[in-house]
$ cat final.tsv   # TSV, C-alpha atoms
chain	number	residue	atom	x	y	z
H	1	MET	CA	-37.64	-19.71	-7.57
H	2	GLN	CA	-34.99	-17.02	-7.34
H	3	ILE	CA	-34.87	-14.81	-4.25
H	4	SER	CA	-33.41	-11.37	-4.70
H	5	VAL	CA	-31.28	-9.95	-1.92
H	6	ALA	CA	-30.84	-6.21	-1.62
H	7	ALA	CA	-27.22	-5.21	-2.18
H	8	PRO	CA	-25.57	-3.26	0.62
H	9	ARG	CA	-25.55	0.45	0.01
H	10	PRO	CA	-22.27	2.36	-0.46
H	11	ARG	CA	-21.00	3.88	2.75
H	12	HIS	CA	-21.31	7.43	1.41
H	13	VAL	CA	-25.06	6.88	1.03
H	14	HIS	CA	-25.32	6.08	4.74
H	15	ARG	CA	-23.15	9.09	5.54
H	16	VAL	CA	-25.48	11.42	3.64
H	17	ALA	CA	-28.55	9.92	5.35
H	18	VAL	CA	-27.03	10.24	8.83
H	19	SER	CA	-25.96	13.80	8.00
H	20	ALA	CA	-29.58	14.54	7.09
H	21	SER	CA	-30.69	13.03	10.40
H	22	PHE	CA	-28.39	15.37	12.33
H	23	LEU	CA	-29.69	18.28	10.25
H	24	LEU	CA	-33.33	17.46	11.00
H	25	GLN	CA	-32.65	16.94	14.70
H	26	GLY	CA	-30.85	20.28	14.90
H	27	LEU	CA	-33.73	22.04	13.17
H	28	CYS	CA	-36.15	20.71	15.81
H	29	PHE	CA	-34.39	22.34	18.73
H	30	SER	CA	-33.25	25.53	17.01
H	31	THR	CA	-36.79	26.17	15.77
H	32	TRP	CA	-38.03	26.13	19.38
H	33	ALA	CA	-35.02	28.04	20.74
H	34	SER	CA	-35.42	30.85	18.20
H	35	ARG	CA	-38.93	31.66	19.48
H	36	ILE	CA	-38.39	31.35	23.25
H	37	PRO	CA	-38.37	35.16	23.72
H	38	THR	CA	-41.66	35.37	21.81
H	39	VAL	CA	-43.25	32.64	23.92
H	40	GLN	CA	-41.92	34.28	27.10
H	41	GLN	CA	-43.56	37.57	26.15
H	42	ARG	CA	-46.82	35.93	25.08
H	43	LEU	CA	-47.21	34.06	28.37
H	44	HIS	CA	-45.85	36.97	30.46
H	45	LEU	CA	-43.11	34.87	32.07
H	46	SER	CA	-40.36	36.35	34.22
H	47	GLU	CA	-36.81	34.95	34.04
H	48	THR	CA	-37.50	32.82	37.12
H	49	ALA	CA	-40.81	31.57	35.72
H	50	LEU	CA	-39.22	30.80	32.35
H	51	GLY	CA	-36.43	28.88	34.08
H	52	GLY	CA	-39.02	26.84	35.97
H	53	VAL	CA	-40.94	26.09	32.79
H	54	LEU	CA	-37.77	25.00	30.99
H	55	LEU	CA	-37.15	22.45	33.75
H	56	ALA	CA	-39.84	20.39	32.04
H	57	VAL	CA	-37.37	19.49	29.28
H	58	PRO	CA	-34.86	17.70	31.57
H	59	VAL	CA	-37.82	16.01	33.26
H	60	GLY	CA	-38.69	14.50	29.89
H	61	LEU	CA	-35.04	13.53	29.46
H	62	LEU	CA	-34.92	11.76	32.82
H	63	VAL	CA	-38.15	9.88	32.06
H	64	SER	CA	-36.72	8.74	28.74
H	65	LEU	CA	-33.33	7.52	30.00
H	66	PRO	CA	-34.10	3.87	30.78
H	67	LEU	CA	-36.68	3.50	28.02
H	68	THR	CA	-34.55	5.01	25.25
H	69	GLY	CA	-31.60	2.71	25.95
H	70	TRP	CA	-33.89	-0.31	25.90
H	71	LEU	CA	-35.64	0.79	22.70
H	72	VAL	CA	-32.38	1.39	20.81
H	73	SER	CA	-31.02	-1.99	21.95
H	74	ARG	CA	-34.29	-3.75	21.14
H	75	TYR	CA	-35.26	-2.18	17.81
H	76	GLY	CA	-31.98	-0.69	16.55
H	77	SER	CA	-30.84	2.88	16.04
H	78	ARG	CA	-32.36	3.20	12.56
H	79	ALA	CA	-35.93	2.59	13.70
H	80	MET	CA	-35.47	4.73	16.80
H	81	THR	CA	-33.87	7.57	14.84
H	82	VAL	CA	-37.00	7.71	12.70
H	83	ALA	CA	-39.33	7.46	15.70
H	84	GLY	CA	-37.31	9.93	17.79
H	85	VAL	CA	-37.09	12.67	15.16
H	86	LEU	CA	-40.78	12.25	14.25
H	87	LEU	CA	-41.76	12.63	17.91
H	88	TYR	CA	-39.34	15.52	18.42
H	89	ALA	CA	-40.76	17.48	15.50
H	90	GLY	CA	-44.34	16.47	16.20
H	91	VAL	CA	-44.35	18.28	19.54
H	92	LEU	CA	-43.31	21.61	17.99
H	93	PRO	CA	-46.87	22.71	17.06
H	94	LEU	CA	-48.00	21.93	20.62
H	95	LEU	CA	-45.33	24.29	21.98
H	96	GLY	CA	-46.68	27.06	19.77
H	97	LEU	CA	-50.30	26.40	20.73
H	98	ALA	CA	-49.67	26.46	24.51
H	99	GLN	CA	-51.89	29.11	26.13
H	100	ASN	CA	-50.49	28.93	29.67
H	101	PRO	CA	-47.36	27.72	31.51
H	102	THR	CA	-48.98	24.40	32.46
H	103	GLN	CA	-49.72	23.48	28.85
H	104	LEU	CA	-46.23	24.60	27.80
H	105	MET	CA	-44.57	22.48	30.50
H	106	ALA	CA	-46.58	19.40	29.51
H	107	ALA	CA	-45.50	19.80	25.89
H	108	LEU	CA	-41.87	20.41	26.93
H	109	VAL	CA	-41.79	17.13	28.88
H	110	VAL	CA	-42.65	15.25	25.69
H	111	PHE	CA	-40.23	17.48	23.78
H	112	GLY	CA	-37.43	16.48	26.15
H	113	PHE	CA	-38.37	12.82	25.80
H	114	GLY	CA	-38.19	13.05	22.01
H	115	SER	CA	-34.95	15.03	22.08
H	116	ASN	CA	-33.11	12.39	24.08
H	117	MET	CA	-34.48	9.56	21.97
H	118	ALA	CA	-33.38	11.33	18.79
H	119	ASN	CA	-30.01	12.35	20.26
H	120	ILE	CA	-28.90	8.87	21.35
H	121	SER	CA	-30.27	7.17	18.24
H	122	VAL	CA	-28.72	9.62	15.77
H	123	ASN	CA	-25.32	9.52	17.48
H	124	THR	CA	-25.41	5.72	17.49
H	125	GLN	CA	-25.98	5.92	13.73
H	126	GLY	CA	-22.96	8.24	13.54
H	127	VAL	CA	-20.82	5.67	15.34
H	128	GLY	CA	-21.98	3.09	12.81
H	129	VAL	CA	-20.85	5.27	9.91
H	130	GLU	CA	-17.51	5.89	11.65
H	131	ALA	CA	-17.01	2.13	11.75
H	132	LEU	CA	-17.61	1.95	7.99
H	133	TYR	CA	-15.00	4.66	7.33
H	134	GLY	CA	-12.50	3.57	9.98
H	135	LYS	CA	-11.86	7.14	11.12
H	136	SER	CA	-13.47	9.80	13.28
H	137	ILE	CA	-16.08	11.84	11.43
H	138	LEU	CA	-18.45	12.67	14.30
H	139	ALA	CA	-17.25	16.28	14.36
H	140	THR	CA	-18.57	16.77	10.83
H	141	PHE	CA	-21.94	15.34	11.80
H	142	HIS	CA	-22.11	17.68	14.78
H	143	GLY	CA	-21.08	20.52	12.48
H	144	ILE	CA	-24.14	19.75	10.37
H	145	TRP	CA	-26.26	19.81	13.55
H	146	SER	CA	-24.81	23.23	14.35
H	147	LEU	CA	-25.46	24.39	10.80
H	148	ALA	CA	-29.07	23.37	11.31
H	149	GLY	CA	-29.08	25.48	14.46
H	150	PHE	CA	-27.87	28.47	12.47
H	151	MET	CA	-30.54	27.83	9.84
H	152	GLY	CA	-33.22	27.54	12.51
H	153	ALA	CA	-32.08	30.77	14.15
H	154	ALA	CA	-32.05	32.62	10.85
H	155	LEU	CA	-35.50	31.32	9.93
H	156	GLY	CA	-36.77	32.24	13.39
H	157	THR	CA	-35.48	35.80	12.97
H	158	LEU	CA	-37.24	36.06	9.62
H	159	MET	CA	-40.47	34.68	11.07
H	160	ILE	CA	-40.37	37.30	13.83
H	161	ARG	CA	-39.76	40.11	11.34
H	162	TRP	CA	-42.61	38.87	9.11
H	163	GLY	CA	-44.98	38.63	12.06
H	164	ILE	CA	-45.48	34.85	11.74
H	165	SER	CA	-46.90	33.36	14.94
H	166	PRO	CA	-45.00	30.58	16.75
H	167	GLU	CA	-47.74	28.03	16.05
H	168	GLN	CA	-47.63	28.72	12.30
H	169	HIS	CA	-43.83	28.70	12.31
H	170	PHE	CA	-43.63	25.45	14.28
H	171	THR	CA	-46.27	23.66	12.19
H	172	LEU	CA	-44.46	24.55	8.98
H	173	MET	CA	-41.11	23.31	10.31
H	174	ALA	CA	-42.64	20.10	11.70
H	175	SER	CA	-44.07	19.32	8.26
H	176	VAL	CA	-40.70	19.92	6.58
H	177	ILE	CA	-38.89	17.73	9.12
H	178	TRP	CA	-41.41	14.89	8.81
H	179	LEU	CA	-40.98	14.95	5.03
H	180	GLY	CA	-37.21	14.81	5.47
H	181	VAL	CA	-37.48	11.79	7.77
H	182	GLY	CA	-39.49	9.93	5.16
H	183	LEU	CA	-36.90	10.65	2.49
H	184	MET	CA	-33.79	9.66	4.49
H	185	ARG	CA	-35.18	6.60	6.31
H	186	PRO	CA	-34.30	3.94	3.68
H	187	TYR	CA	-30.66	5.03	3.59
H	188	LEU	CA	-29.75	4.90	7.28
H	189	VAL	CA	-27.31	2.26	8.56
H	190	PRO	CA	-29.56	-0.82	8.73
H	191	ALA	CA	-28.00	-2.60	11.70
H	192	ASP	CA	-25.95	-1.60	14.74
H	193	ALA	CA	-22.89	-3.45	15.97
H	194	PRO	CA	-24.04	-6.74	17.54
H	195	ARG	CA	-24.33	-6.78	21.33
H	196	PRO	CA	-22.86	-9.85	23.09
H	197	ALA	CA	-25.48	-12.16	24.48
H	198	ASP	CA	-24.16	-11.73	28.03
H	199	GLN	CA	-23.88	-7.94	27.75
H	200	PRO	CA	-26.36	-6.37	30.21
H	201	LEU	CA	-28.80	-3.86	28.79
H	202	PHE	CA	-27.93	-1.15	31.34
H	203	VAL	CA	-24.24	-0.59	32.14
H	204	LEU	CA	-22.78	1.98	34.50
H	205	PRO	CA	-19.94	3.86	32.78
H	206	ASP	CA	-16.45	3.34	34.17
H	207	ARG	CA	-14.28	6.16	35.54
H	208	ALA	CA	-12.84	7.12	32.14
H	209	LEU	CA	-16.28	7.37	30.58
H	210	MET	CA	-17.59	9.35	33.56
H	211	LEU	CA	-14.78	11.89	33.08
H	212	LEU	CA	-15.74	12.18	29.42
H	213	GLY	CA	-19.33	12.66	30.55
H	214	VAL	CA	-18.30	15.50	32.90
H	215	LEU	CA	-16.47	17.26	30.05
H	216	ALA	CA	-19.54	16.91	27.86
H	217	PHE	CA	-21.77	18.10	30.72
H	218	CYS	CA	-19.80	21.35	31.22
H	219	SER	CA	-19.63	22.10	27.51
H	220	LEU	CA	-23.27	21.28	26.81
H	221	LEU	CA	-24.42	23.29	29.84
H	222	SER	CA	-22.78	26.34	28.26
H	223	GLU	CA	-24.22	25.40	24.88
H	224	GLY	CA	-27.73	24.93	26.25
H	225	THR	CA	-27.51	28.33	27.91
H	226	MET	CA	-26.71	29.95	24.59
H	227	PHE	CA	-29.59	28.17	22.89
H	228	ASP	CA	-32.29	29.13	25.35
H	229	TRP	CA	-31.08	32.46	26.75
H	230	SER	CA	-29.11	34.23	24.02
H	231	GLY	CA	-32.26	35.84	22.61
H	232	VAL	CA	-33.44	36.89	26.07
H	233	TYR	CA	-29.97	38.26	26.89
H	234	PHE	CA	-29.95	40.37	23.74
H	235	ARG	CA	-33.45	41.67	24.39
H	236	LYS	CA	-33.09	42.49	28.11
H	237	ILE	CA	-29.35	43.15	28.65
H	238	VAL	CA	-28.06	44.25	25.25
H	239	LEU	CA	-31.38	46.06	24.65
H	240	ALA	CA	-31.36	45.06	20.99
H	241	GLN	CA	-34.26	46.03	18.77
H	242	ASN	CA	-36.69	43.24	17.88
H	243	ALA	CA	-35.13	42.75	14.48
H	244	TRP	CA	-31.72	42.09	16.11
H	245	VAL	CA	-32.77	39.92	19.06
H	246	GLY	CA	-31.69	36.76	17.23
H	247	LEU	CA	-28.28	38.14	16.22
H	248	GLY	CA	-26.42	36.71	19.23
H	249	PHE	CA	-27.82	33.22	18.69
H	250	ALA	CA	-27.00	33.38	14.97
H	251	ALA	CA	-23.43	34.54	15.77
H	252	PHE	CA	-22.99	31.71	18.25
H	253	MET	CA	-24.36	29.03	15.91
H	254	SER	CA	-22.38	30.19	12.88
H	255	MET	CA	-19.07	29.92	14.72
H	256	MET	CA	-19.99	26.64	16.38
H	257	ALA	CA	-20.76	25.15	12.97
H	258	THR	CA	-17.52	26.53	11.54
H	259	GLY	CA	-15.48	25.18	14.44
H	260	ARG	CA	-16.94	21.69	14.13
H	261	PHE	CA	-16.09	21.45	10.46
H	262	ILE	CA	-12.40	22.07	11.28
H	263	ALA	CA	-12.29	20.29	14.67
H	264	ASP	CA	-10.96	16.97	13.36
H	265	TRP	CA	-8.11	18.66	11.49
H	266	PHE	CA	-7.21	20.89	14.44
H	267	ALA	CA	-7.19	18.03	16.93
H	268	ASN	CA	-5.01	15.88	14.67
H	269	ARG	CA	-2.61	18.77	14.15
H	270	PHE	CA	-2.28	20.08	17.72
H	271	GLY	CA	-3.59	17.23	19.88
H	272	ARG	CA	-6.86	16.64	21.70
H	273	ALA	CA	-5.66	18.05	25.03
H	274	ARG	CA	-4.61	21.40	23.55
H	275	THR	CA	-7.81	21.56	21.55
H	276	LEU	CA	-9.90	21.11	24.70
H	277	GLN	CA	-7.81	23.66	26.63
H	278	LEU	CA	-8.23	26.24	23.89
H	279	SER	CA	-11.95	25.46	23.78
H	280	GLY	CA	-12.29	26.24	27.48
H	281	LEU	CA	-10.39	29.51	27.17
H	282	LEU	CA	-12.52	30.67	24.25
H	283	THR	CA	-15.75	29.79	26.06
H	284	THR	CA	-14.76	31.71	29.19
H	285	ALA	CA	-13.41	34.67	27.24
H	286	GLY	CA	-16.52	34.94	25.10
H	287	LEU	CA	-19.00	34.87	27.97
H	288	SER	CA	-16.86	37.29	30.00
H	289	LEU	CA	-16.76	39.71	27.06
H	290	ALA	CA	-20.55	39.60	26.65
H	291	VAL	CA	-21.03	40.19	30.39
H	292	ALA	CA	-18.48	43.00	30.72
H	293	TRP	CA	-19.52	44.94	27.57
H	294	PRO	CA	-23.13	44.10	26.73
H	295	THR	CA	-23.34	46.12	23.52
H	296	LEU	CA	-24.64	44.76	20.23
H	297	VAL	CA	-21.18	44.45	18.65
H	298	MET	CA	-19.22	43.23	21.70
H	299	ALA	CA	-21.88	40.76	22.84
H	300	SER	CA	-22.11	39.36	19.31
H	301	LEU	CA	-18.32	38.96	19.23
H	302	GLY	CA	-18.40	37.29	22.64
H	303	PHE	CA	-21.08	34.86	21.54
H	304	MET	CA	-18.99	34.04	18.45
H	305	LEU	CA	-16.06	33.10	20.72
H	306	VAL	CA	-18.34	30.90	22.82
H	307	GLY	CA	-19.55	29.13	19.68
H	308	LEU	CA	-15.99	28.48	18.57
H	309	GLY	CA	-15.06	27.35	22.09
H	310	VAL	CA	-17.76	24.73	22.56
H	311	SER	CA	-17.60	23.51	18.96
H	312	SER	CA	-15.00	20.76	19.35
H	313	VAL	CA	-15.65	19.47	22.87
H	314	VAL	CA	-18.66	17.22	22.30
H	315	PRO	CA	-17.42	15.65	19.04
H	316	LEU	CA	-14.04	14.85	20.62
H	317	VAL	CA	-15.68	13.40	23.73
H	318	TYR	CA	-18.19	11.31	21.76
H	319	SER	CA	-15.47	10.06	19.44
H	320	ALA	CA	-13.36	8.97	22.42
H	321	ALA	CA	-16.37	7.25	23.99
H	322	GLY	CA	-17.02	5.39	20.74
H	323	ARG	CA	-13.54	3.85	21.02
H	324	SER	CA	-14.11	2.56	24.57
H	325	ARG	CA	-12.49	-0.78	25.31
H	326	THR	CA	-14.70	-1.60	28.27
H	327	MET	CA	-18.08	-1.70	26.55
H	328	PRO	CA	-19.60	-1.62	23.05
H	329	ALA	CA	-19.37	1.71	21.25
H	330	GLY	CA	-23.12	2.28	21.18
H	331	VAL	CA	-23.53	1.60	24.90
H	332	ALA	CA	-20.56	3.81	25.82
H	333	LEU	CA	-21.80	6.59	23.61
H	334	ALA	CA	-25.28	6.41	25.10
H	335	ALA	CA	-23.84	6.64	28.63
H	336	VAL	CA	-21.61	9.67	27.91
H	337	SER	CA	-24.25	11.30	25.73
H	338	THR	CA	-26.84	11.02	28.47
H	339	VAL	CA	-24.58	12.63	31.10
H	340	GLY	CA	-23.58	15.39	28.71
H	341	PHE	CA	-27.06	16.08	27.42
H	342	ALA	CA	-28.26	16.46	31.00
H	343	GLY	CA	-26.05	19.56	31.16
H	344	PHE	CA	-27.56	20.82	27.92
H	345	LEU	CA	-31.03	20.63	29.42
H	346	LEU	CA	-30.27	21.62	33.03
H	347	GLY	CA	-28.29	24.74	32.11
H	348	PRO	CA	-31.20	26.87	30.85
H	349	PRO	CA	-33.42	26.36	33.94
H	350	LEU	CA	-30.39	27.04	36.15
H	351	ILE	CA	-29.82	30.33	34.33
H	352	GLY	CA	-33.43	31.35	34.98
H	353	LEU	CA	-33.27	30.52	38.67
H	354	ILE	CA	-29.99	32.41	39.18
H	355	ALA	CA	-31.20	35.37	37.10
H	356	GLY	CA	-34.34	35.58	39.20
H	357	GLN	CA	-32.29	35.93	42.38
H	358	THR	CA	-29.54	38.18	40.94
H	359	SER	CA	-29.47	39.19	37.27
H	360	LEU	CA	-29.02	37.65	33.85
H	361	ARG	CA	-25.48	39.07	33.63
H	362	VAL	CA	-24.50	37.38	36.89
H	363	SER	CA	-25.88	34.04	35.72
H	364	PHE	CA	-23.93	34.28	32.44
H	365	ALA	CA	-20.78	35.09	34.42
H	366	ILE	CA	-21.26	31.93	36.48
H	367	ILE	CA	-21.70	29.82	33.34
H	368	ALA	CA	-18.38	31.23	32.13
H	369	CYS	CA	-16.73	29.16	34.86
H	370	MET	CA	-17.70	26.02	32.96
H	371	GLY	CA	-14.97	26.93	30.50
$ encode --input "final.tsv" --output "structure tokens"
Amino acid sequence: MQISVAAPRPRHVHRVAVSASFLLQGLCFSTWASRIPTVQQRLHLSETALGGVLLAVPVGLLVSLPLTGWLVSRYGSRAMTVAGVLLYAGVLPLLGLAQNPTQLMAALVVFGFGSNMANISVNTQGVGVEALYGKSILATFHGIWSLAGFMGAALGTLMIRWGISPEQHFTLMASVIWLGVGLMRPYLVPADAPRPADQPLFVLPDRALMLLGVLAFCSLLSEGTMFDWSGVYFRKIVLAQNAWVGLGFAAFMSMMATGRFIADWFANRFGRARTLQLSGLLTTAGLSLAVAWPTLVMASLGFMLVGLGVSSVVPLVYSAAGRSRTMPAGVALAAVSTVGFAGFLLGPPLIGLIAGQTSLRVSFAIIACMG
């Protein structure tokens, strides 16, 4: 009796599948982010109340931290990428159906849980593809995630203009994302790098990895602020018409995607340190411009600079973590990713709390310091 063994797939097939995973994950968050102003208006939430509600997302993240690491180690990043993205997208309709802040917060806790599961799993898949190619390509994957954010923002703007309700919008996108997961699943990297038998499941990052985590935290805090508050900023500070409320977010996402597609080349040409320094300057300059001159044109230009500024930080940090000599790439990446993603989720609630005590412009000026 002859037993057939499936031939290994070409590495470019895995690269396409992982790229699709980043795209689907990015669509999940950008779909929600594009309708936050609508949900805020529907539930009559002030900036302070919205900031408190958004705290539910990092709560979900914190709950998922120990479990996600165990699940990825136990079942592998392929299975958990599928499960994470399915869960992430599956919560979207619940966010649209929420009729009060309590229901919205409950759904956001699960949303945060799914986001962290998808984030760690998908990035672990990216590290696996990097190993197949023998060079850093994480920036490209993150560029695809940013491109998905731009697509989600553009679709959200169209949905608002067409009068489509959040629940209809979210249900449609969840269906599309679930279909995409089913199509890309067979082509993901089948197995992660083996973990030594004596390697503990939970490892505290060393000093070098903690510093990388702090860099990711500052950058992702700024990024998270742009995701959740750019639409609100344009509506309340820039006083943009409804049709243009999503312009700032679209400007930010378009430049972040563009920057990530050229980040590897720029870092190789001018060095990682200079790239990070320039990133910080652009982030600070962009936020300062939007705060000092909150007009439609100047704020859009400022948000474009912020997008370009934050574009290279996370890919460079994750790539460096993946080359750690003190622990396996997947474990190091999970540690740095978790610290950084905490900033992504804590930034938006922090903005709301500060805005409630001062103003939205003051809170954006404080976030500029992260640059």
$ residues_around --input "final.tsv" --residues "range 286-296 of chain H" --least-positions-apart "2" --cutoff "12 Å" --atoms "only C-alpha atoms" --output "short mmCIF file (atom, residue, chain, number, x, y, z; two decimals) with C-alpha atoms, in the coordinates of the input"
data_model
loop_
_atom_site.label_atom_id
_atom_site.label_comp_id
_atom_site.auth_asym_id
_atom_site.auth_seq_id
_atom_site.Cartn_x
_atom_site.Cartn_y
_atom_site.Cartn_z
CA SER H 222 -22.78 26.34 28.26
CA GLU H 223 -24.22 25.40 24.88
CA THR H 225 -27.51 28.33 27.91
CA MET H 226 -26.71 29.95 24.59
CA SER H 230 -29.11 34.23 24.02
CA GLY H 231 -32.26 35.84 22.61
CA TYR H 233 -29.97 38.26 26.89
CA PHE H 234 -29.95 40.37 23.74
CA ARG H 235 -33.45 41.67 24.39
CA LYS H 236 -33.09 42.49 28.11
CA ILE H 237 -29.35 43.15 28.65
CA VAL H 238 -28.06 44.25 25.25
CA LEU H 239 -31.38 46.06 24.65
CA ALA H 240 -31.36 45.06 20.99
CA GLN H 241 -34.26 46.03 18.77
CA TRP H 244 -31.72 42.09 16.11
CA VAL H 245 -32.77 39.92 19.06
CA GLY H 246 -31.69 36.76 17.23
CA LEU H 247 -28.28 38.14 16.22
CA GLY H 248 -26.42 36.71 19.23
CA ALA H 251 -23.43 34.54 15.77
CA PHE H 252 -22.99 31.71 18.25
CA MET H 255 -19.07 29.92 14.72
CA SER H 279 -11.95 25.46 23.78
CA GLY H 280 -12.29 26.24 27.48
CA LEU H 281 -10.39 29.51 27.17
CA LEU H 282 -12.52 30.67 24.25
CA THR H 283 -15.75 29.79 26.06
CA THR H 284 -14.76 31.71 29.19
CA MET H 298 -19.22 43.23 21.70
CA ALA H 299 -21.88 40.76 22.84
CA SER H 300 -22.11 39.36 19.31
CA LEU H 301 -18.32 38.96 19.23
CA GLY H 302 -18.40 37.29 22.64
CA PHE H 303 -21.08 34.86 21.54
CA MET H 304 -18.99 34.04 18.45
CA LEU H 305 -16.06 33.10 20.72
CA VAL H 306 -18.34 30.90 22.82
CA GLY H 307 -19.55 29.13 19.68
CA LEU H 308 -15.99 28.48 18.57
CA GLY H 309 -15.06 27.35 22.09
CA VAL H 310 -17.76 24.73 22.56
CA SER H 359 -29.47 39.19 37.27
CA LEU H 360 -29.02 37.65 33.85
CA ARG H 361 -25.48 39.07 33.63
CA VAL H 362 -24.50 37.38 36.89
CA SER H 363 -25.88 34.04 35.72
CA PHE H 364 -23.93 34.28 32.44
CA ALA H 365 -20.78 35.09 34.42
CA ILE H 366 -21.26 31.93 36.48
CA ILE H 367 -21.70 29.82 33.34
CA ALA H 368 -18.38 31.23 32.13
CA CYS H 369 -16.73 29.16 34.86
CA MET H 370 -17.70 26.02 32.96
CA GLY H 371 -14.97 26.93 30.50
#
$ atom_distance --input "final.tsv" --atom1 "CA of Ala285 in chain H" --atom2 "CA of Asp264 in chain H"
22.6 Å
$ residues_around --input "final.tsv" --residues "range 129-145 of chain H" --least-positions-apart "4" --cutoff "8 Å" --atoms "all atoms listed in the file" --output "list in words"
Arg11, His14, Arg15, Val18, Ser19, Phe22, Leu23, Leu24, Gln25, Gly26, Leu27, Gln125, Gly149, Val189, Met256, Ala257, Thr258, Gly259, Arg260, Phe261, Ala263, Asp264, Ser311, Ser312, Pro315, Leu316, Tyr318 and Ser319 of chain H
$ residues_around --input "final.tsv" --residues "range 53-62 of chain H" --least-positions-apart "2" --cutoff "10 Å" --atoms "all atoms listed in the file" --output "PyMOL selection string"
chain H and resi 45+47-51+64-68+101-117+228+338+341-350+352
$ closest_residue --input "final.tsv" --among "H:Leu209, H:Leu43, H:Ala153, H:Ala33" --to "Leu92 in chain H" --atoms "only C-alpha atoms"
H:Ala33
$ closest_residue --input "final.tsv" --among "H:Ile351, H:Ile164, H:Leu95, H:Ala191" --to "Val72 in chain H" --atoms "only C-alpha atoms"
H:Ala191
$ atom_distance --input "final.tsv" --atom1 "CA of Met80 in chain H" --atom2 "CA of Ile120 in chain H"
9.0 Å
$ residues_around --input "final.tsv" --residues "Met210 in chain H" --least-positions-apart "4" --cutoff "12 Å" --atoms "only C-alpha atoms" --output "number ranges by chain"
H: 204-206, 214-217, 317-318, 320-321, 324, 332-340
$ closest_residue --input "final.tsv" --among "H:Arg42, H:Arg272, H:Arg35, H:Arg9" --to "Met159 in chain H" --atoms "all atoms listed in the file"
H:Arg35
$ atom_distance --input "final.tsv" --atom1 "CA of Trp70 in chain H" --atom2 "CA of Thr326 in chain H"
19.4 Å
$ closest_residue --input "final.tsv" --among "H:Ile160, H:Leu212, H:Ala17, H:Leu220" --to "Thr81 in chain H" --atoms "only C-alpha atoms"
H:Ala17
$ residues_around --input "final.tsv" --residues "Met184 in chain H" --least-positions-apart "2" --cutoff "10 Å" --atoms "only C-alpha atoms" --output "ChimeraX atom specification"
/H:13-14,16-21,82,179-182,186-188
